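> First the structure, which I've put down as structure tokens, then a few questions once you've had a look.
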Amino acid sequence: MFTIMTAPPSLPDTAPALIARHGACSVLTPDGEILSLSPADVRRELRDWLAPVVIHAPATARRLDLPPPGQPTPWLDLLELFAFAMPARTVPPTVRGLGRALDFPLARIENAEADLLLDMADDLLGRIARQRHGADGPMMAALAFRMRQMGWAWGDSVCHALGVGAAIPPEDLQPNDAIRV
């Protein structure tokens with residue numbers, strides 16, 4: 001069975017990152033080294049790493065010839081973080097698509113290596129943190145709290161960005177408010 005350890009709340013500083021391309025993968029190792037590895041080498045390395053930051057976990061798993069990561073995915077999929085930070089916006093599920101949606105310079109995303117994914121995560125977590133005191137902040141906090149309870153891989157990082165501790169006082173969280181459409 002293929003398992004990946006859970007990422008600590010200190011992400012994105014310590015998390016590995018992975019861009020699975022056809023034939024080779026760009027990898028940012030937990031030690032901060034950027035490597036180009038074969039899918040077979042990545043499969044071997046993943047067993048010892050924390051959950052990697054990826055874009056589109058199902059496609060990444062397919063390119064690595066791994067079974068789908070399941071739900072909730074143990075990988076830190078930036079598309080999930082984008083959907084939380086910028087709901088109702090669409091984005092192509094690629095490095096280029098996400099980079100353009102976040103207004104990263106085109107020169108930076110054209111030949112991106114895996115370290116760019118941590119910058120994208122930082123950008124998205126910053127956008128979430130800036131919404132903390134806005135009109136939607138309490139609802140976002142309640143939703144993030146519930147999603148963390150359900151095992152969302154981004155749960156700790158998003159809760160930290162929103163200033164949510166281990167528990168939300170009951171008066172601040174109405175059970176159904178967090179999931180009301």
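Ligands are numbered from 1 in the order shown, chains are lettered A, B, ... in the order of the structure tokens, and residues start at 1 in each chain.
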Which of segment 60-147 of chain A end up as helix (DSSP H, G or I) when DSSP is run on this backbone - answer as a ChimeraX atom specification?
/A:60-63,78-85,95-101,106-110,115-130,137-147
> Write out as a VMD selection string the residues lying within 7 Å of segment 19-35 of chain A, counting only C-alpha atoms and excluding same-chain residues fewer than 6 positions away.
chain A and resid 54 60 63 113 to 115
> Enumerate as a list in words all residues of chain A assigned to strand (DSSP E or B) by DSSP on the backbone, naming them with the chain letters and numbers the document uses.
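Answer for chain A, restricted to strand (DSSP E or B): Met5, Ala17, Leu18, Ile19, Ala20, Cys25, Ser26, Val27, Leu28, Ile34, Leu35, Ser36, Leu37, Leu50, Val53, Val54, Leu76 and Asp77 of chain A.
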> Just checking: using only C-alpha atoms, which residue out of A:Gly134, A:Pro39, A:Pro67, A:Pro72 ends up closest to Trp152 of chain A?
A:Pro72
> Work out how far atom CA of Leu162 of chain A is from atom CA of Ala129 of chain A, in Å to one decimal.
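Calculated distance between atom CA of Ala129 of chain A and atom CA of Leu162 of chain A is 5.3 Å.
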> Could you pull the residues within 12 Å of Asp122 of chain A, counting only C-alpha atoms, minus those fewer than 2 positions along the same chain, as an mmCIF file with C-alpha atoms, in the first residue's frame?

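Final output, saved to selection35.cif:
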```
data_model
loop_
_atom_site.group_PDB
_atom_site.id
_atom_site.type_symbol
_atom_site.label_atom_id
_atom_site.label_comp_id
_atom_site.auth_asym_id
_atom_site.auth_seq_id
_atom_site.Cartn_x
_atom_site.Cartn_y
_atom_site.Cartn_z
ATOM 1 C CA SER A 10 4.282 24.748 8.987
ATOM 2 C CA LEU A 11 3.672 24.163 5.303
ATOM 3 C CA PRO A 12 4.643 25.549 2.800
ATOM 4 C CA ASP A 13 8.199 25.999 4.125
ATOM 5 C CA ALA A 15 6.689 20.600 2.087
ATOM 6 C CA VAL A 53 2.291 20.279 -3.081
ATOM 7 C CA LEU A 78 -3.213 23.878 -5.207
ATOM 8 C CA LEU A 81 -6.577 25.900 -2.205
ATOM 9 C CA PHE A 82 -7.438 28.127 -5.187
ATOM 10 C CA ALA A 85 -9.309 31.329 -1.732
ATOM 11 C CA LEU A 102 -2.607 34.459 -9.791
ATOM 12 C CA ASP A 115 9.698 25.562 -6.221
ATOM 13 C CA LEU A 116 7.167 27.844 -7.939
ATOM 14 C CA LEU A 117 4.378 25.767 -6.371
ATOM 15 C CA LEU A 118 5.401 26.910 -2.884
ATOM 16 C CA ASP A 119 5.274 30.520 -4.053
ATOM 17 C CA MET A 120 1.772 29.861 -5.387
ATOM 18 C CA LEU A 124 -3.043 31.814 -2.016
ATOM 19 C CA LEU A 125 -2.609 31.546 1.759
ATOM 20 C CA GLY A 126 -1.855 35.287 1.802
ATOM 21 C CA ARG A 127 -5.072 35.988 -0.107
ATOM 22 C CA ILE A 128 -6.968 33.886 2.421
ATOM 23 C CA ALA A 129 -5.311 35.670 5.357
ATOM 24 C CA SER A 157 -2.521 25.880 6.831
ATOM 25 C CA VAL A 158 -5.808 27.596 5.987
ATOM 26 C CA ALA A 161 -3.988 31.835 7.843
#
```
> In Å to one decimal, how far is atom CA of Ala144 of chain A from atom CA of Ala59 of chain A?
24.9 Å
